[in-house]
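*Asks:* To be precise about what I am sending: the file is called work15.txt and holds compact mmCIF, C-alpha atoms.
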```txt
# COMPACT_ATOMS: atom_id res chain seq x y z
CA MET Y 1 -1.35 49.66 33.54
CA ASN Y 2 -1.20 47.34 36.48
CA ASN Y 3 -4.91 46.81 36.11
CA ASN Y 4 -4.57 46.01 32.40
CA LEU Y 5 -1.81 43.55 33.11
CA ARG Y 6 -4.00 41.89 35.69
CA LEU Y 7 -6.85 41.69 33.15
CA PHE Y 8 -4.52 39.95 30.72
CA THR Y 9 -2.83 37.51 33.10
CA ARG Y 10 -6.10 36.62 34.77
CA GLY Y 11 -7.02 34.47 31.78
CA ILE Y 12 -3.71 32.64 31.91
CA ILE Y 13 -3.56 31.66 35.59
CA LYS Y 14 -6.35 32.78 37.88
CA GLU Y 15 -9.17 32.12 35.42
CA ASN Y 16 -7.43 29.75 33.05
CA PRO Y 17 -10.28 28.44 30.88
CA THR Y 18 -9.01 24.85 30.75
CA PHE Y 19 -7.50 24.27 34.17
CA VAL Y 20 -9.61 26.52 36.40
CA LEU Y 21 -12.91 27.30 34.69
CA LEU Y 22 -13.01 23.91 32.94
CA LEU Y 23 -14.70 25.45 29.93
CA GLY Y 24 -14.41 24.34 26.32
CA MET Y 25 -13.67 20.74 27.25
CA CYS Y 26 -14.85 19.32 23.93
CA PRO Y 27 -12.15 20.93 21.74
CA THR Y 28 -9.68 20.52 24.61
CA LEU Y 29 -10.07 16.75 24.66
CA GLY Y 30 -10.66 16.36 20.95
CA THR Y 31 -7.88 18.37 19.33
CA THR Y 32 -4.93 17.83 21.67
CA THR Y 33 -3.62 14.67 20.03
CA SER Y 34 -0.44 16.59 19.21
CA ALA Y 35 1.13 19.85 20.33
CA VAL Y 36 0.70 21.45 16.92
CA THR Y 37 -3.02 20.75 16.53
CA GLY Y 38 -3.61 21.85 20.12
CA MET Y 39 -1.81 25.09 19.45
CA GLY Y 40 -3.66 25.60 16.16
CA MET Y 41 -6.99 25.14 17.90
CA GLY Y 42 -5.90 27.52 20.68
CA LEU Y 43 -4.78 30.20 18.25
CA ALA Y 44 -7.99 29.95 16.20
CA THR Y 45 -10.00 30.34 19.41
CA LEU Y 46 -7.77 33.23 20.55
CA PHE Y 47 -8.42 35.06 17.30
CA VAL Y 48 -12.19 34.52 17.36
CA LEU Y 49 -12.46 35.32 21.06
CA THR Y 50 -10.53 38.59 20.91
CA LEU Y 51 -12.37 39.91 17.86
CA SER Y 52 -15.82 38.82 18.99
CA ASN Y 53 -15.19 40.33 22.43
CA MET Y 54 -14.23 43.64 20.81
CA VAL Y 55 -17.16 43.73 18.39
CA ILE Y 56 -19.69 42.71 21.02
CA SER Y 57 -18.35 45.35 23.39
CA LEU Y 58 -18.67 47.94 20.58
CA VAL Y 59 -22.27 47.14 19.71
CA LYS Y 60 -23.51 46.16 23.19
CA ARG Y 61 -25.66 49.29 23.50
CA GLN Y 62 -27.37 48.65 20.17
CA ILE Y 63 -28.37 45.09 20.99
CA PRO Y 64 -31.67 44.75 22.84
CA ASP Y 65 -31.45 42.43 25.81
CA LYS Y 66 -33.98 39.96 24.44
CA VAL Y 67 -32.02 39.12 21.29
CA ARG Y 68 -28.52 39.41 22.65
CA ILE Y 69 -27.72 35.69 22.52
CA PRO Y 70 -28.66 35.25 18.82
CA ALA Y 71 -26.81 38.47 18.04
CA TYR Y 72 -23.67 37.21 19.81
CA ILE Y 73 -23.90 33.87 18.04
CA VAL Y 74 -24.16 35.55 14.63
CA ILE Y 75 -21.08 37.68 15.36
CA ILE Y 76 -19.09 34.71 16.68
CA ALA Y 77 -20.15 32.46 13.80
CA SER Y 78 -19.04 35.08 11.28
CA PHE Y 79 -15.57 35.26 12.79
CA VAL Y 80 -15.34 31.47 12.90
CA THR Y 81 -16.27 31.27 9.22
CA VAL Y 82 -13.61 33.86 8.44
CA VAL Y 83 -10.99 31.85 10.33
CA GLN Y 84 -12.13 28.67 8.62
CA LEU Y 85 -11.92 30.12 5.12
CA CYS Y 86 -8.51 31.69 5.77
CA MET Y 87 -7.16 28.46 7.23
CA GLU Y 88 -8.44 26.40 4.31
CA ALA Y 89 -6.79 28.84 1.91
CA TYR Y 90 -3.43 29.35 3.60
CA VAL Y 91 -2.81 26.44 6.02
CA PRO Y 92 -4.76 23.53 4.47
CA SER Y 93 -2.84 20.93 6.50
CA LEU Y 94 -3.96 22.43 9.82
CA TYR Y 95 -7.47 22.85 8.41
CA LYS Y 96 -7.54 19.14 7.70
CA ALA Y 97 -6.13 18.23 11.12
CA LEU Y 98 -8.67 20.30 13.09
CA GLY Y 99 -11.55 18.98 11.04
CA VAL Y 100 -14.96 19.37 12.62
CA PHE Y 101 -13.62 21.15 15.70
CA LEU Y 102 -12.94 24.31 13.73
CA PRO Y 103 -16.60 25.13 12.91
CA LEU Y 104 -17.48 23.99 16.42
CA ILE Y 105 -15.64 27.01 17.87
CA VAL Y 106 -19.01 28.72 17.37
CA VAL Y 107 -20.50 26.74 20.22
CA ASN Y 108 -17.39 26.88 22.41
CA CYS Y 109 -18.77 28.05 25.71
CA ILE Y 110 -15.64 30.07 26.50
CA ILE Y 111 -16.44 32.51 23.73
CA LEU Y 112 -20.12 32.98 24.45
CA GLY Y 113 -19.26 32.98 28.16
CA ARG Y 114 -16.82 35.84 27.82
CA ALA Y 115 -19.24 37.74 25.58
CA GLU Y 116 -21.99 37.43 28.16
CA ALA Y 117 -19.91 37.78 31.31
CA PHE Y 118 -17.38 40.39 30.24
CA ALA Y 119 -17.68 42.03 26.84
CA SER Y 120 -21.32 43.00 27.30
CA LYS Y 121 -20.43 44.94 30.45
CA ASN Y 122 -17.01 46.44 29.71
CA GLY Y 123 -15.25 48.75 27.26
CA VAL Y 124 -13.57 47.74 24.01
CA GLY Y 125 -10.01 47.90 25.33
CA ALA Y 126 -10.74 45.86 28.42
CA SER Y 127 -12.72 43.33 26.38
CA ALA Y 128 -9.85 42.94 23.92
CA LEU Y 129 -7.42 42.36 26.79
CA ASP Y 130 -9.79 39.89 28.40
CA GLY Y 131 -10.16 38.02 25.09
CA LEU Y 132 -6.40 37.99 24.57
CA GLY Y 133 -5.75 36.78 28.11
CA ILE Y 134 -8.30 33.99 28.05
CA GLY Y 135 -7.25 33.09 24.49
CA VAL Y 136 -3.56 32.91 25.41
CA GLY Y 137 -4.47 30.87 28.48
CA PHE Y 138 -6.48 28.48 26.31
CA THR Y 139 -3.69 28.25 23.71
CA LEU Y 140 -1.02 27.55 26.36
CA SER Y 141 -3.18 24.92 28.06
CA LEU Y 142 -4.01 23.16 24.79
CA THR Y 143 -0.41 23.24 23.62
CA LEU Y 144 0.76 21.85 26.97
CA LEU Y 145 -1.87 19.12 26.99
CA GLY Y 146 -1.12 18.31 23.34
CA LEU Y 147 2.61 18.21 24.07
CA VAL Y 148 2.19 15.88 27.05
CA ARG Y 149 -0.05 13.54 25.06
CA GLU Y 150 2.24 13.62 22.03
CA VAL Y 151 5.39 12.91 24.09
CA LEU Y 152 3.78 10.10 26.07
CA GLY Y 153 1.68 8.69 23.27
CA ALA Y 154 3.78 9.06 20.14
CA GLY Y 155 7.24 9.78 21.53
CA SER Y 156 7.55 13.03 19.64
CA ALA Y 157 7.30 16.74 20.39
CA PHE Y 158 5.91 19.21 17.83
CA GLY Y 159 6.26 16.46 15.22
CA VAL Y 160 9.94 15.78 16.01
CA GLN Y 161 10.62 12.23 17.14
CA ILE Y 162 12.43 12.17 20.49
CA PHE Y 163 11.94 8.58 21.59
CA PRO Y 164 12.38 6.06 18.80
CA GLY Y 165 9.65 3.45 18.60
CA GLY Y 166 6.67 5.55 19.67
CA GLY Y 167 5.08 5.65 23.09
CA ILE Y 168 2.14 4.58 25.20
CA LEU Y 169 -0.55 4.56 22.59
CA ILE Y 170 -3.47 5.20 24.90
CA PHE Y 171 -2.37 8.80 25.43
CA VAL Y 172 -3.20 9.76 21.84
CA LEU Y 173 -6.55 8.04 22.09
CA ALA Y 174 -9.61 9.47 23.84
CA PRO Y 175 -9.04 7.94 27.32
CA GLY Y 176 -5.52 9.37 27.36
CA ALA Y 177 -6.97 12.84 26.94
CA PHE Y 178 -8.81 12.42 30.23
CA PHE Y 179 -5.78 10.94 32.02
CA ALA Y 180 -3.45 13.68 30.86
CA LEU Y 181 -5.98 16.42 31.58
CA GLY Y 182 -6.65 15.09 35.06
CA TYR Y 183 -2.99 14.98 36.05
CA LEU Y 184 -2.26 18.36 34.52
CA LEU Y 185 -5.24 19.80 36.41
CA ALA Y 186 -3.91 18.45 39.68
CA LEU Y 187 -0.42 19.78 39.02
CA PHE Y 188 -1.73 23.16 37.90
CA ASN Y 189 -3.81 23.53 41.03
CA LYS Y 190 -0.94 22.47 43.27
CA PHE Y 191 1.42 25.09 41.86
CA THR Y 192 -1.03 27.93 41.51
CA ALA Y 193 -2.83 27.48 44.81
CA LYS Y 194 -0.58 30.07 46.48
CA ILE Y 195 -0.85 32.64 43.70
CA ARG Y 196 -4.59 32.44 43.71
CA MET U 1 -35.24 44.61 18.10
CA ILE U 2 -35.78 43.13 14.67
CA PHE U 3 -33.90 45.98 13.09
CA SER U 4 -30.79 45.56 15.20
CA LEU U 5 -30.71 41.81 14.62
CA LEU U 6 -31.20 42.42 10.91
CA ALA U 7 -28.38 44.94 10.88
CA ILE U 8 -26.02 42.53 12.65
CA THR U 9 -26.80 39.63 10.33
CA PHE U 10 -26.50 41.89 7.30
CA VAL U 11 -23.07 43.22 8.28
CA SER U 12 -21.88 39.73 9.28
CA ALA U 13 -23.06 38.20 6.01
CA ALA U 14 -21.36 40.96 4.03
CA ALA U 15 -18.10 40.42 5.92
CA VAL U 16 -18.19 36.66 5.38
CA GLY U 17 -18.99 37.26 1.70
CA VAL U 18 -15.96 39.50 1.27
CA VAL U 19 -13.65 36.96 2.95
CA TYR U 20 -15.14 34.20 0.80
CA ARG U 21 -14.35 36.15 -2.37
CA VAL U 22 -10.82 36.87 -1.21
CA THR U 23 -10.06 33.29 -0.18
CA SER U 24 -11.91 31.32 -2.88
CA GLY U 25 -8.97 31.72 -5.27
CA PRO U 26 -6.32 30.50 -2.82
CA ILE U 27 -8.61 27.67 -1.63
CA ALA U 28 -9.08 26.40 -5.19
CA ALA U 29 -5.35 26.78 -5.82
CA ALA U 30 -4.51 24.87 -2.63
CA LYS U 31 -6.85 22.04 -3.63
CA ALA U 32 -5.47 21.85 -7.19
CA GLU U 33 -1.93 22.00 -5.85
CA ASN U 34 -2.77 19.21 -3.46
CA SER U 35 -4.06 16.87 -6.17
CA GLN U 36 -1.19 17.73 -8.54
CA THR U 37 1.30 17.02 -5.72
CA SER U 38 -0.24 13.66 -4.92
CA LEU U 39 -0.28 12.80 -8.63
CA ARG U 40 3.43 13.62 -8.86
CA GLN U 41 4.15 11.48 -5.84
CA VAL U 42 2.50 8.33 -7.14
CA LEU U 43 3.34 8.54 -10.85
CA PRO U 44 6.49 8.29 -12.92
CA PRO U 45 7.59 11.70 -14.30
CA PHE U 46 4.93 13.07 -16.66
CA ASP U 47 4.54 16.26 -18.65
CA ASN U 48 0.78 16.60 -19.14
CA ARG U 49 -1.92 17.63 -16.70
CA PRO U 50 -3.51 14.33 -15.63
CA ALA U 51 -6.15 16.21 -13.65
CA GLU U 52 -7.63 17.27 -17.00
CA ASN U 53 -7.64 13.73 -18.37
CA VAL U 54 -9.96 11.83 -16.05
CA ARG U 55 -12.26 8.85 -16.58
CA THR U 56 -14.70 7.90 -13.86
CA VAL U 57 -15.73 4.28 -13.52
CA VAL U 58 -17.72 2.47 -10.88
CA VAL U 59 -16.18 -0.63 -9.38
CA ASP U 60 -18.10 -2.71 -6.90
CA GLY U 61 -20.37 0.10 -5.83
CA ALA U 62 -17.74 2.79 -5.39
CA GLU U 63 -16.43 5.39 -7.78
CA ALA U 64 -12.90 5.42 -9.07
CA LYS U 65 -11.27 8.24 -11.00
CA VAL U 66 -8.58 7.18 -13.43
CA TYR U 67 -6.06 9.86 -14.37
CA THR U 68 -3.90 9.24 -17.42
CA ALA U 69 -0.37 10.58 -17.36
CA THR U 70 1.65 10.95 -20.53
CA SER U 71 5.25 11.78 -21.17
CA GLY U 72 5.76 13.04 -24.69
CA ASP U 73 3.21 11.07 -26.72
CA THR U 74 3.32 7.82 -24.79
CA VAL U 75 1.24 6.92 -21.77
CA CYS U 76 3.65 6.57 -18.87
CA GLY U 77 1.23 5.74 -16.10
CA TYR U 78 -2.22 5.84 -14.56
CA ALA U 79 -3.23 7.22 -11.21
CA VAL U 80 -6.45 5.94 -9.69
CA GLU U 81 -8.24 7.83 -6.98
CA THR U 82 -10.64 5.61 -5.11
CA LEU U 83 -11.82 4.63 -1.67
CA SER U 84 -12.77 1.79 0.58
CA ARG U 85 -15.70 1.86 2.97
CA LYS U 86 -14.25 -0.94 5.09
CA GLY U 87 -12.18 1.42 7.23
CA PHE U 88 -12.42 1.51 11.00
CA GLY U 89 -13.50 5.14 11.04
CA GLY U 90 -15.16 5.57 7.66
CA GLU U 91 -13.84 5.97 4.16
CA VAL U 92 -10.19 5.48 3.30
CA VAL U 93 -9.38 7.49 0.18
CA LEU U 94 -6.26 6.60 -1.77
CA MET U 95 -4.42 7.71 -4.87
CA VAL U 96 -2.68 4.72 -6.44
CA GLY U 97 -0.13 5.17 -9.21
CA PHE U 98 0.36 2.40 -11.77
CA LYS U 99 2.77 1.84 -14.63
CA PRO U 100 0.97 1.00 -17.91
CA ASP U 101 1.56 -2.73 -17.25
CA GLY U 102 -0.24 -2.54 -13.88
CA GLU U 103 2.80 -2.43 -11.60
CA ILE U 104 2.21 -0.18 -8.59
CA VAL U 105 4.52 2.84 -8.50
CA ASP U 106 3.43 4.37 -5.23
CA ILE U 107 0.36 5.05 -3.11
CA GLU U 108 -0.72 8.17 -1.31
CA VAL U 109 -3.47 8.44 1.32
CA LEU U 110 -5.75 11.36 0.44
CA GLY U 111 -8.09 11.08 3.38
CA HIS U 112 -9.07 8.80 6.24
CA LYS U 113 -10.53 8.89 9.72
CA GLU U 114 -8.64 5.91 11.14
CA THR U 115 -7.54 5.89 14.77
CA GLN U 116 -4.60 8.14 15.53
CA GLY U 117 -1.51 6.17 16.44
CA LEU U 118 -2.93 2.89 15.13
CA GLY U 119 -4.77 2.94 11.83
CA ASP U 120 -3.19 6.16 10.71
CA LYS U 121 0.02 4.21 10.11
CA ILE U 122 -1.41 3.60 6.63
CA GLU U 123 -0.14 7.10 5.87
CA ARG U 124 3.16 7.23 4.09
CA GLY U 125 5.86 8.37 6.52
CA LYS U 126 4.10 7.12 9.64
CA SER U 127 5.13 3.53 9.04
CA ASP U 128 6.60 1.31 6.34
CA PHE U 129 3.21 -0.21 5.60
CA SER U 130 2.69 1.56 2.27
CA VAL U 131 6.24 0.77 1.11
CA GLN U 132 5.45 -2.93 0.61
CA PHE U 133 3.16 -2.12 -2.33
CA ARG U 134 5.86 -0.37 -4.37
CA GLY U 135 6.89 -2.27 -7.48
CA LYS U 136 4.29 -5.00 -6.94
CA ASN U 137 1.93 -6.02 -9.70
CA PRO U 138 -1.55 -6.94 -8.39
CA ALA U 139 -1.70 -9.60 -11.13
CA THR U 140 0.71 -11.64 -9.00
CA PHE U 141 0.61 -9.83 -5.64
CA HIS U 142 -2.60 -10.83 -3.89
CA LEU U 143 -4.20 -7.69 -2.46
CA SER U 144 -5.54 -8.79 0.89
CA VAL U 145 -3.94 -9.14 4.29
CA ARG U 146 -2.11 -12.35 5.28
CA LYS U 147 -4.80 -13.18 7.82
CA ASP U 148 -7.23 -13.41 4.88
CA GLY U 149 -4.80 -15.42 2.77
CA GLY U 150 -3.29 -12.53 0.82
CA ASP U 151 0.20 -11.09 0.48
CA VAL U 152 -0.21 -7.85 2.42
CA ASP U 153 1.55 -7.51 5.78
CA ALA U 154 -1.04 -5.83 7.98
CA ILE U 155 -0.18 -3.15 10.54
CA THR U 156 -0.04 -4.68 14.02
CA ALA U 157 -3.31 -4.01 15.87
CA SER U 158 -4.78 -2.32 12.79
CA THR U 159 -5.98 -5.19 10.67
CA ILE U 160 -9.21 -3.40 9.78
CA SER U 161 -7.40 -0.31 8.51
CA SER U 162 -4.94 -2.50 6.61
CA ARG U 163 -7.82 -4.44 5.07
CA ALA U 164 -9.52 -1.24 3.97
CA TYR U 165 -6.27 -0.02 2.43
CA ALA U 166 -5.78 -3.27 0.53
CA ASP U 167 -9.43 -3.14 -0.52
CA ALA U 168 -9.00 0.36 -1.94
CA VAL U 169 -5.81 -0.61 -3.79
CA ASN U 170 -7.61 -3.61 -5.21
CA ARG U 171 -10.48 -1.42 -6.36
CA ALA U 172 -7.97 0.92 -7.99
CA TYR U 173 -6.45 -2.02 -9.86
CA LEU U 174 -9.87 -3.26 -11.01
CA ALA U 175 -10.72 0.26 -12.20
CA LEU U 176 -7.45 0.39 -14.11
CA LYS U 177 -8.19 -2.95 -15.79
CA GLN U 178 -11.68 -1.81 -16.65
CA VAL U 179 -10.37 1.34 -18.30
CA SER U 180 -7.53 -0.31 -20.17
CA ASN U 181 -9.81 -3.06 -21.50
CA GLU U 182 -12.12 -0.55 -23.12
```
Kindly present the structure from the file in structure tokens form.

*Replies:*
Amino acid sequence: MNNNLRLFTRGIIKENPTFVLLLGMCPTLGTTTSAVTGMGMGLATLFVLTLSNMVISLVKRQIPDKVRIPAYIVIIASFVTVVQLCMEAYVPSLYKALGVFLPLIVVNCIILGRAEAFASKNGVGASALDGLGIGVGFTLSLTLLGLVREVLGAGSAFGVQIFPGGGILIFVLAPGAFFALGYLLALFNKFTAKIR
Amino acid sequence: MIFSLLAITFVSAAAVGVVYRVTSGPIAAAKAENSQTSLRQVLPPFDNRPAENVRTVVVDGAEAKVYTATSGDTVCGYAVETLSRKGFGGEVVLMVGFKPDGEIVDIEVLGHKETQGLGDKIERGKSDFSVQFRGKNPATFHLSVRKDGGDVDAITASTISSRAYADAVNRAYLALKQVSNE
């Protein structure tokens, strides 16, 4: 149990994909203009990552080494398409907000990275936990980054206005993504240095 | 090797196919709902289905769809869906509702890629920009920004987006005139 818990929390703190591994930077910078879109992106990735980890772990013995990467990509792409279709059908507003970043989950290096580094070597249960942990870590990081940028840049949190009159515009624009990410990275490393 | 890859692609394709069949209904419904909602927002109350009464005209190199709304037997308004390519980030797609005499009822942004926090203030609810068009008749209200000698108050620091918006509204008005003259 303790081991499982460690597997799960590892993705949130010790191997946090955004703040420690620095993986998946493109969606991280691109979709975190508000807390809600950041969270939506995180949850979509969480879903794809957990399921692809499980499926890849299930079929790892059937996949010859030479074609493993195309096989992984096909599996991941299928899950992404499923997420995309479901989102378009049931949450069209989020589908519109995520735009091109949703299909780009296919090439998110976190997912292929976990498939290659973990799921292809471990059992289904452990792979699911690993996917969940990393996915939750990614979701939390993106929500936090989105929240910081939204509060500073637009003066609102989760779409609710807290400061009238907006904020420092640059934080919702591309340079602000780098500023916010850099400071959050520094803070994260300061506070987790002891735990790690 | 080939067999296992074939098996994986086959199963994946089948799974995606199933999801596509399940979601295609809701996706079509969501899209129809979306256009019906935006029609309701820009038009006076109507009781027909304007989405089934569409005329497409080309104004100045871009398409415009003119929806006719009726209440009872009389035409109560027109909604024009059109775009401008002068946006900062690409096309700005609008739905503009007119009364039969050409007065603007309301305008809804259907799609744009303008800068977040600046140009996206053209969206209703993000700023009062779109409010200034309500109740104006383009016959007397000159549809270009003040900087260009028109009557439209541009969004601060987003003149290009404001221009594109005014351009699309103008195209909608021209499309309306073209249809009503026929």

*Asks:* Kindly provide the residues of segment 31-132 of chain Y that approach segment 108-127 of chain U to within 12 Å, each paired with its closest atom pair and their distance in Å to one decimal, based on all atoms listed in the file, listed by chain and increasing number, as CSV.

*Replies:*
```
residue,atom,partner,partner_atom,distance
Y:Thr31,CA,U:Gln116,CA,11.4
Y:Thr32,CA,U:Gln116,CA,11.5
Y:Thr33,CA,U:Gln116,CA,8.0
Y:Ser34,CA,U:Gln116,CA,10.1
Y:Ser93,CA,U:Gly111,CA,11.6
Y:Lys96,CA,U:Gly111,CA,9.2
Y:Ala97,CA,U:Lys113,CA,10.4
Y:Gly99,CA,U:Lys113,CA,10.2
Y:Val100,CA,U:Lys113,CA,11.7
```

*Asks:* Would you work out the distance separating atom CA of Gly102 of chain U from atom CA of Thr156 of chain U, expressed in Å to one decimal?

*Replies:*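 Going from atom CA of Gly102 of chain U over to atom CA of Thr156 of chain U covers 28.0 Å.
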
*Asks:* Each residue of chain U lying at most 12 Å from chain Y should get a row with its shortest atom-to-atom pair and the distance in Å to one decimal, counting only C-alpha atoms; could you produce that, ordered by chain and increasing number, as CSV?

*Replies:*
```
residue,atom,partner,partner_atom,distance
U:Met1,CA,Y:Pro64,CA,5.9
U:Ile2,CA,Y:Val67,CA,8.6
U:Phe3,CA,Y:Ile63,CA,9.7
U:Ser4,CA,Y:Ile63,CA,6.3
U:Leu5,CA,Y:Ala71,CA,6.2
U:Leu6,CA,Y:Ala71,CA,9.3
U:Ala7,CA,Y:Ala71,CA,9.8
U:Ile8,CA,Y:Ala71,CA,6.8
U:Thr9,CA,Y:Val74,CA,6.5
U:Phe10,CA,Y:Val74,CA,10.0
U:Val11,CA,Y:Ile75,CA,9.2
U:Ser12,CA,Y:Ser78,CA,5.8
U:Ala13,CA,Y:Ser78,CA,7.3
U:Ala14,CA,Y:Ser78,CA,9.6
U:Ala15,CA,Y:Ser78,CA,7.6
U:Val16,CA,Y:Ser78,CA,6.2
U:Gly17,CA,Y:Val82,CA,9.3
U:Val18,CA,Y:Val82,CA,9.4
U:Val19,CA,Y:Val82,CA,6.3
U:Tyr20,CA,Y:Leu85,CA,6.8
U:Arg21,CA,Y:Leu85,CA,9.9
U:Val22,CA,Y:Cys86,CA,9.0
U:Thr23,CA,Y:Ala89,CA,5.9
U:Ser24,CA,Y:Ala89,CA,7.4
U:Gly25,CA,Y:Ala89,CA,8.0
U:Pro26,CA,Y:Ala89,CA,5.0
U:Ile27,CA,Y:Ala89,CA,4.1
U:Ala28,CA,Y:Ala89,CA,7.8
U:Ala29,CA,Y:Ala89,CA,8.1
U:Ala30,CA,Y:Ala89,CA,6.4
U:Lys31,CA,Y:Pro92,CA,8.5
U:Ala32,CA,Y:Ala89,CA,11.6
U:Glu33,CA,Y:Pro92,CA,10.8
U:Asn34,CA,Y:Pro92,CA,9.2
U:Leu110,CA,Y:Lys96,CA,10.8
U:Gly111,CA,Y:Lys96,CA,9.2
U:His112,CA,Y:Lys96,CA,10.6
U:Lys113,CA,Y:Gly99,CA,10.2
U:Glu114,CA,Y:Leu173,CA,11.3
U:Thr115,CA,Y:Leu173,CA,7.7
U:Gln116,CA,Y:Val172,CA,6.7
U:Gly117,CA,Y:Leu169,CA,6.4
U:Leu118,CA,Y:Leu169,CA,8.0
U:Gly119,CA,Y:Leu173,CA,11.6
U:Asp120,CA,Y:Val172,CA,11.7
U:Lys121,CA,Y:Gly166,CA,11.7
U:Gly125,CA,Y:Gly159,CA,11.9
U:Lys126,CA,Y:Gly166,CA,10.5
U:Ser127,CA,Y:Gly165,CA,10.6
U:Ala157,CA,Y:Leu169,CA,11.2
```

*Asks:* Set the distance at 10 Å and use only C-alpha atoms: which residues neighbour Arg40 of chain U once local chain neighbours fewer than 5 positions away are removed? I'd like the list as a PyMOL selection string.

*Replies:* chain U and resi 34-35+45-46+50+69+79+97+106

*Asks:* Which residue is closest to Cys109 of chain Y? Choose from Y:Ile73, Y:Ala177, Y:Asn2, Y:Leu129 and count all atoms listed in the file.

*Replies:* Y:Ile73

*Asks:* Could you check how far atom CA of Gly155 of chain Y sits from atom CA of Gly38 of chain Y, in Å to one decimal?

*Replies:*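 Between atom CA of Gly155 of chain Y and atom CA of Gly38 of chain Y the gap is 16.3 Å.
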
*Asks:* Could you add N, CA and C atoms to segment 132-149 of chain Y and give me the result as a CSV table (one decimal), keeping the file's coordinate frame?

*Replies:*
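After the write, out.csv holds the following:
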```
chain,number,residue,atom,x,y,z
Y,132,LEU,N,-7.8,38.4,24.8
Y,132,LEU,CA,-6.4,38.0,24.6
Y,132,LEU,C,-5.9,37.1,25.7
Y,133,GLY,N,-6.2,37.5,26.9
Y,133,GLY,CA,-5.8,36.8,28.1
Y,133,GLY,C,-6.3,35.4,28.1
Y,134,ILE,N,-7.6,35.3,28.0
Y,134,ILE,CA,-8.3,34.0,28.0
Y,134,ILE,C,-7.8,33.2,26.8
Y,135,GLY,N,-7.7,33.8,25.7
Y,135,GLY,CA,-7.2,33.1,24.5
Y,135,GLY,C,-5.8,32.5,24.6
Y,136,VAL,N,-4.9,33.4,25.2
Y,136,VAL,CA,-3.6,32.9,25.4
Y,136,VAL,C,-3.6,31.8,26.4
Y,137,GLY,N,-4.4,31.9,27.5
Y,137,GLY,CA,-4.5,30.9,28.5
Y,137,GLY,C,-4.9,29.6,27.9
Y,138,PHE,N,-5.9,29.7,27.0
Y,138,PHE,CA,-6.5,28.5,26.3
Y,138,PHE,C,-5.4,27.9,25.4
Y,139,THR,N,-4.7,28.7,24.6
Y,139,THR,CA,-3.7,28.2,23.7
Y,139,THR,C,-2.6,27.5,24.5
Y,140,LEU,N,-2.1,28.2,25.6
Y,140,LEU,CA,-1.0,27.6,26.4
Y,140,LEU,C,-1.5,26.2,26.9
Y,141,SER,N,-2.7,26.2,27.5
Y,141,SER,CA,-3.2,24.9,28.1
Y,141,SER,C,-3.3,23.8,27.0
Y,142,LEU,N,-3.8,24.2,25.8
Y,142,LEU,CA,-4.0,23.2,24.8
Y,142,LEU,C,-2.7,22.7,24.2
Y,143,THR,N,-1.7,23.6,24.1
Y,143,THR,CA,-0.4,23.2,23.6
Y,143,THR,C,0.3,22.3,24.6
Y,144,LEU,N,0.2,22.7,25.9
Y,144,LEU,CA,0.8,21.8,27.0
Y,144,LEU,C,0.2,20.5,27.0
Y,145,LEU,N,-1.2,20.4,27.0
Y,145,LEU,CA,-1.9,19.1,27.0
Y,145,LEU,C,-1.5,18.3,25.7
Y,146,GLY,N,-1.5,19.0,24.6
Y,146,GLY,CA,-1.1,18.3,23.3
Y,146,GLY,C,0.3,17.8,23.4
Y,147,LEU,N,1.2,18.6,24.0
Y,147,LEU,CA,2.6,18.2,24.1
Y,147,LEU,C,2.8,17.0,25.0
Y,148,VAL,N,2.1,17.0,26.1
Y,148,VAL,CA,2.2,15.9,27.0
Y,148,VAL,C,1.7,14.6,26.4
Y,149,ARG,N,0.5,14.7,25.7
Y,149,ARG,CA,0.0,13.5,25.1
Y,149,ARG,C,0.8,13.1,23.9
```
